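Accompanying notes for the structure given below.
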Amino acid sequence: MSAFNDIRDYVAIPRVLSLKLSPDGSRLISTVQSLNPDGKSYGTALWAIPVDGEPYRLTRSAKGESAAVFTAAGDVLFTSARPDPTAKDSSDEVPALWLLPRAGGEARQVVGRPGGIGAVRTAADVVVFSSDVLDGEEAADEARRKARKDAGISAILHEGYPVRFWDHDLGPGRTRLFAARLGADRLEDVRELTPDAGEALRDASFELSPDGATVIATWRTYLPKGESRTDLVAIDVATGERRTVLTEEGFDFTGPLAISPDGSKVACARERFTGLEVSARVELWIADVATGEGRAYAPDLFPSDIEWAPDSSAVYIVADHQGRRPVFRVPLDGEAARLTPDDAAYAGLNVSSDGASVYALRSGIALAPGPARIDVAGGEIIDLPSPAPRPEVPGTLTEISATADDGATIRGWLALPEGASADEPAPFLLWIHGGPVASWNDWQWRWQVWLMTQRGYAVLMPDPCLSTGYGQEMIDRGWGNWGPRTQADLDAIVDVALARDDIDRERIGAMGGSYGGYMANWLAGHSDRYKAIVTHAALWNLDQFAGTTDAAMYWQREMGEPGSERYDLLSPHNSLDKITTPMLVIHGDKDYRVPIGEALRLWWDLRRSEVESKFLYFPDENHWILKPGNIVAWYETVFAFLAQHVLGEEWKRPDSVA
């Protein structure tokens, strides 16, 4: 039976999340997420994937394991909140750092911190890790945390912006970097590298040079009026001395980061500040670590992963491109060349020490992520045995395109259910991606198109203006013109899809989340062609949203000061009086990117306007719906709502929300 037939079977599918190659090139290690025995949550475990053998599980604990890296000796460092059986007062509340010997045996805890262990990097015998630290003397961190807890204090006093990020509150602790050396049983000489960081390392990326002598890290500089700029700094591991490597007014230097094997260069992403007439642009930037001199490479490719060739002559990147996410080789003295010719999306690059192979996670709209080896010389791609077998999807995937009113080509993926034909045309769903600077090109655990084809729907996933992978012009076309320009692009490609004889042009619906939810709201007030609209985590009143989102400075750059003309032109709430299409509103209360106020206002506006609508509310979820039971409730409610309004069936309240 198909895993897409029952939503409970679908949420139980194991998921491969990461990939890391051992120094000797003999095996990869992966974090795999799977359903816990209680069926109410997900857990993680580490799996080994021999490059010429079958995967096997390495770790088992109720708390799970993640953030795995190899030491130079081939041992595995990972983080876990599992209790330490050798400690008298072991705490399992925050993750500690553990070491699993290559030779086998039990994992042992090598360091713990009151604020937990975050990201970890290692080279030679050096380990650098991040941890959350309360203000004051680092040695008294645990005592201050206990005093705060015992006093029942949860308050956080802020003196700067922002105060929240995606789904969590910022503070009262702040991120610091620590350095240590691998000892016989535990980390030795643990010391803080960045005692004066303040908020500079919030959401930081960092890498350790191959000789273990230098950390390259993103460093946030706070500017007037709530703005900030991200620079790149080099930190001497021995002394903690810090110097700025890359800084430029009007630009952020951000992750992904990669230091060349010879230690002389750093590759990163350079992102320009946007403005009312300045669109988003991200480019690969490679600079000399000693002098900071650098330049852009691979124009129009927004890098989402970077890995160096062993001889430091080139980097490998992955970037959105024409509805795919290929691997590209970018030489320092030449032009970028595409390495993978298939339709897949790649992530988690690892280059073998001889430079002959690139290992990566390979996935796609119709392909769940799994490990693969890419031959650098010939481009041959070989899927490796995966610790999480890929489910067979119910339907077929085809590519379609349309010409917009301004002559631009709009392309997308169309997923068709089995049996769709001129005699039995499939009902149609338009799914609009979020971002908006993004692309439909990869497997989606949350917005799973094949759950819809299993129920007979044809699903269109288009890349309209603002989508990545089509050159800067595609982003420029929609900048500051979200609703009208995007709708024109969507209308053009929807017309092409509905002209097919295997699609029912009368039974159609639209769905979207985040920016896609914004567009779902926009379509509700500017089109009557859809029988139902599902809007998830959606922007509704832009002026309200601009001051309550977790990153108000970003939106203000594109939209202007709150109350300006662009807000009035582009805010969906101004077309409330034109909405007649039934709407399902979905939102999580812990969503800080698009705060719950957007859904509450939309819901009230729909009720007072007597628009047929329903509101699916998750008090404990964020921008995404992540808990297994809530995923079931999400899909079952969407299925029922679409069945009522698109298929013409009688409304039946799902048992999961009864």
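Here's how to read the names in the structure tokens: chain A, B, ... by the order shown, residue numbers from 1 in each chain, ligand numbers from 1 in the order shown.
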
Distance query stretch 435-438 of chain A at most 6 Å, only C-alpha atoms, self and fewer than 6 positions along chain excluded, as a list in words: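 Those residues are Leu466, Ser467, Thr468 and Tyr515 of chain A.
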
Dump of C-alpha atoms for the selected residues, as a PDB file, in the first residue's frame:
ATOM      1  CA  LEU A 466      10.830  36.624  -7.642  1.00  0.00           C
ATOM      2  CA  SER A 467      11.733  32.932  -8.084  1.00  0.00           C
ATOM      3  CA  THR A 468      15.401  31.964  -7.974  1.00  0.00           C
ATOM      4  CA  TYR A 515       4.585  34.408   0.778  1.00  0.00           C
TER       5      TYR A 515
END

At a cut-off of 10 Å, using only C-alpha atoms, what residues contact A:Arg57? Leave out same-chain residues fewer than 3 positions from it and give the result as a list in words. Ile29, Ser30, Thr31, Val32, Ala45, Leu46, Trp47, Ala48, Ile49, Arg60 and Pro387 of chain A

How would the residues just chosen look if you wrote them out with N, CA and C atoms as a PDB file, in the first residue's frame?
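Writing done, so here's selection34.pdb:
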ATOM      1  N   ILE A  29      28.386   9.796   7.324  1.00  0.00           N
ATOM      2  CA  ILE A  29      27.510   9.727   8.488  1.00  0.00           C
ATOM      3  C   ILE A  29      26.340  10.660   8.260  1.00  0.00           C
ATOM      4  N   SER A  30      25.154  10.212   8.686  1.00  0.00           N
ATOM      5  CA  SER A  30      23.939  10.968   8.417  1.00  0.00           C
ATOM      6  C   SER A  30      23.065  11.010   9.659  1.00  0.00           C
ATOM      7  N   THR A  31      22.389  12.125   9.839  1.00  0.00           N
ATOM      8  CA  THR A  31      21.336  12.227  10.848  1.00  0.00           C
ATOM      9  C   THR A  31      20.026  11.831  10.183  1.00  0.00           C
ATOM     10  N   VAL A  32      19.341  10.860  10.782  1.00  0.00           N
ATOM     11  CA  VAL A  32      18.071  10.373  10.247  1.00  0.00           C
ATOM     12  C   VAL A  32      16.974  10.642  11.272  1.00  0.00           C
ATOM     13  N   ALA A  45      18.678   9.948  14.997  1.00  0.00           N
ATOM     14  CA  ALA A  45      19.757   9.003  15.280  1.00  0.00           C
ATOM     15  C   ALA A  45      20.817   9.151  14.200  1.00  0.00           C
ATOM     16  N   LEU A  46      22.041   8.739  14.506  1.00  0.00           N
ATOM     17  CA  LEU A  46      23.130   8.775  13.540  1.00  0.00           C
ATOM     18  C   LEU A  46      23.263   7.418  12.868  1.00  0.00           C
ATOM     19  N   TRP A  47      23.439   7.462  11.553  1.00  0.00           N
ATOM     20  CA  TRP A  47      23.653   6.264  10.753  1.00  0.00           C
ATOM     21  C   TRP A  47      24.967   6.392  10.008  1.00  0.00           C
ATOM     22  N   ALA A  48      25.686   5.295   9.882  1.00  0.00           N
ATOM     23  CA  ALA A  48      26.879   5.229   9.040  1.00  0.00           C
ATOM     24  C   ALA A  48      26.483   4.685   7.675  1.00  0.00           C
ATOM     25  N   ILE A  49      27.064   5.276   6.621  1.00  0.00           N
ATOM     26  CA  ILE A  49      26.814   4.839   5.251  1.00  0.00           C
ATOM     27  C   ILE A  49      28.165   4.549   4.609  1.00  0.00           C
ATOM     28  N   ARG A  60      21.504   5.229  19.565  1.00  0.00           N
ATOM     29  CA  ARG A  60      20.119   5.053  20.009  1.00  0.00           C
ATOM     30  C   ARG A  60      19.967   5.743  21.365  1.00  0.00           C
ATOM     31  N   PRO A 387      19.825   4.997   4.425  1.00  0.00           N
ATOM     32  CA  PRO A 387      19.254   4.533   5.697  1.00  0.00           C
ATOM     33  C   PRO A 387      17.742   4.745   5.785  1.00  0.00           C
TER      34      PRO A 387
END

Quick one: everything within 9 Å of A:Val111, counting only C-alpha atoms, minus sequence neighbours fewer than 2 positions away in the same chain. Send it as JSON, numbers by chain. {"A": [96, 97, 98, 109, 113, 117, 186, 187, 188, 190]}

Taking the DSSP assignment computed from this structure's backbone, write out as a PyMOL selection string all residues of stretch 253-403 of chain A that belong to strand (DSSP E). chain A and resi 253-259+265-272+282-288+294-297+303-308+314-319+327-331+337-338+345-351+357-364+367-375+381-383+396-403

Counting only C-alpha atoms, the option among A:Pro562, A:Glu418, A:Phe641, A:Asp543 closest to A:Glu598: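 Answer, going by the shortest atom-to-atom distance: A:Asp543.
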
Residue neighbourhood A:Phe273, 8 Å, only C-alpha atoms, exclusion window fewer than 3 positions, as a PyMOL selection string: chain A and resi 250-252+278+280+557

A:Pro14: which residues within 8 Å, counting only C-alpha atoms, same-chain residues fewer than 2 positions away excluded, as a list in words? Ala12, Val16, Val32, Gln33, Ser34, Leu35, Ala388 and Pro389 of chain A

Would you write out those residues with C-alpha atoms, as a PDB file, in the first residue's frame?
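Now in selection.pdb:
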ATOM      1  CA  ALA A  12       6.069   7.838   9.761  1.00  0.00           C
ATOM      2  CA  VAL A  16      17.621  11.685   5.851  1.00  0.00           C
ATOM      3  CA  VAL A  32      18.071  10.373  10.247  1.00  0.00           C
ATOM      4  CA  GLN A  33      14.765  11.565  11.677  1.00  0.00           C
ATOM      5  CA  SER A  34      11.993   9.068  12.418  1.00  0.00           C
ATOM      6  CA  LEU A  35       8.796   8.805  14.386  1.00  0.00           C
ATOM      7  CA  ALA A 388      15.730   5.724   4.811  1.00  0.00           C
ATOM      8  CA  PRO A 389      14.315   3.974   1.723  1.00  0.00           C
TER       9      PRO A 389
END

Using only C-alpha atoms, determine which residues lie at most 8 Å from stretch 478-480 of chain A, disregarding the query and same-chain residues fewer than 3 positions distant; provide the list as a compact mmCIF listing (two decimals) with C-alpha atoms, in the first residue's frame.
# COMPACT_ATOMS: atom_id res chain seq x y z
CA LEU A 276 12.62 50.26 -2.69
CA GLU A 277 14.30 49.96 -6.10
CA VAL A 278 17.11 47.53 -5.18
CA SER A 279 16.16 43.86 -5.42
CA CYS A 465 8.53 36.39 -10.68
CA LEU A 466 10.83 36.62 -7.64
CA MET A 474 13.18 37.29 -12.79
CA ILE A 475 13.64 38.74 -9.31
CA ARG A 485 3.07 41.03 -11.20
CA THR A 486 2.99 37.63 -9.51
CA GLU A 558 11.51 46.79 0.20
CA MET A 559 8.19 48.27 1.26
CA ARG A 566 3.48 50.56 -1.38

Report as a list in words all protein, DNA and RNA residues lying within 12 Å of A:Asp262, evaluated on only C-alpha atoms, omitting residues in the same chain fewer than 6 positions from it. Ser209, Pro210, Asp211, Gly212, Asp288, Val289, Trp308, Ala309, Pro310, Asp311, Ser312, Ser313 and Ala314 of chain A

Go ahead and save the picked residues with N, CA and C atoms, as a PDB file, in the first residue's frame.
ATOM      1  N   SER A 209      39.714  26.530  10.298  1.00  0.00           N
ATOM      2  CA  SER A 209      40.713  26.282   9.252  1.00  0.00           C
ATOM      3  C   SER A 209      41.274  24.870   9.376  1.00  0.00           C
ATOM      4  N   PRO A 210      41.758  24.276   8.290  1.00  0.00           N
ATOM      5  CA  PRO A 210      42.246  22.887   8.320  1.00  0.00           C
ATOM      6  C   PRO A 210      43.353  22.624   9.341  1.00  0.00           C
ATOM      7  N   ASP A 211      44.131  23.646   9.669  1.00  0.00           N
ATOM      8  CA  ASP A 211      45.188  23.437  10.665  1.00  0.00           C
ATOM      9  C   ASP A 211      44.701  23.691  12.096  1.00  0.00           C
ATOM     10  N   GLY A 212      43.427  24.072  12.257  1.00  0.00           N
ATOM     11  CA  GLY A 212      42.871  24.297  13.575  1.00  0.00           C
ATOM     12  C   GLY A 212      43.304  25.601  14.220  1.00  0.00           C
ATOM     13  N   ASP A 288      40.732  36.391  -0.068  1.00  0.00           N
ATOM     14  CA  ASP A 288      41.971  36.010   0.594  1.00  0.00           C
ATOM     15  C   ASP A 288      41.808  36.245   2.094  1.00  0.00           C
ATOM     16  N   VAL A 289      42.095  35.242   2.906  1.00  0.00           N
ATOM     17  CA  VAL A 289      41.903  35.365   4.350  1.00  0.00           C
ATOM     18  C   VAL A 289      42.844  36.406   4.947  1.00  0.00           C
ATOM     19  N   TRP A 308      35.118  23.125  -1.014  1.00  0.00           N
ATOM     20  CA  TRP A 308      36.333  23.333  -1.810  1.00  0.00           C
ATOM     21  C   TRP A 308      36.833  22.038  -2.439  1.00  0.00           C
ATOM     22  N   ALA A 309      37.458  22.162  -3.595  1.00  0.00           N
ATOM     23  CA  ALA A 309      38.236  21.067  -4.166  1.00  0.00           C
ATOM     24  C   ALA A 309      39.493  20.877  -3.324  1.00  0.00           C
ATOM     25  N   PRO A 310      40.032  19.658  -3.237  1.00  0.00           N
ATOM     26  CA  PRO A 310      41.183  19.393  -2.354  1.00  0.00           C
ATOM     27  C   PRO A 310      42.420  20.218  -2.665  1.00  0.00           C
ATOM     28  N   ASP A 311      42.607  20.621  -3.938  1.00  0.00           N
ATOM     29  CA  ASP A 311      43.797  21.396  -4.281  1.00  0.00           C
ATOM     30  C   ASP A 311      43.582  22.902  -4.187  1.00  0.00           C
ATOM     31  N   SER A 312      42.435  23.313  -3.655  1.00  0.00           N
ATOM     32  CA  SER A 312      42.105  24.739  -3.432  1.00  0.00           C
ATOM     33  C   SER A 312      41.993  25.544  -4.717  1.00  0.00           C
ATOM     34  N   SER A 313      41.819  24.863  -5.854  1.00  0.00           N
ATOM     35  CA  SER A 313      41.745  25.578  -7.132  1.00  0.00           C
ATOM     36  C   SER A 313      40.321  25.917  -7.550  1.00  0.00           C
ATOM     37  N   ALA A 314      39.337  25.358  -6.870  1.00  0.00           N
ATOM     38  CA  ALA A 314      37.942  25.541  -7.280  1.00  0.00           C
ATOM     39  C   ALA A 314      37.033  25.249  -6.092  1.00  0.00           C
TER      40      ALA A 314
END

Can you pull out every residue from stretch 364-576 of chain A that DSSP, working from the backbone, puts in helix (DSSP H, G or I), and format the result as number ranges by chain? A: 449-453, 472-478, 482-498, 515-526, 542-548, 552-559, 565-570, 572-576

Proximity to A:Trp603 - best of A:Lys578, A:Glu621, A:Ala538, A:Val128, only C-alpha atoms: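 Going through A:Lys578, A:Glu621, A:Ala538, A:Val128 one by one, the smallest distance to A:Trp603 is for A:Ala538.
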
Let me make sure I understand: among A:Ala356, A:Ala234, A:Ala81, A:Leu460, which one has the smallest atom-to-atom distance to A:Leu397 if we use only C-alpha atoms? A:Leu460

Can you measure atom CA of A:Ala520 to atom CA of A:Leu602 for me? One decimal in Å is fine.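 Separation of atom CA of A:Ala520 and atom CA of A:Leu602: 12.2 Å.
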
Considering only C-alpha atoms, state which residue in the set A:Ala151, A:Leu584, A:Val120, A:Ala360 is at the smallest distance from A:Leu77.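 Among the listed residues, A:Val120 lies closest to A:Leu77.
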
Point-to-point distance in Å for atom CA of A:Gly112 and atom CA of A:Glu93: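 Separation of atom CA of A:Glu93 and atom CA of A:Gly112: 11.0 Å.
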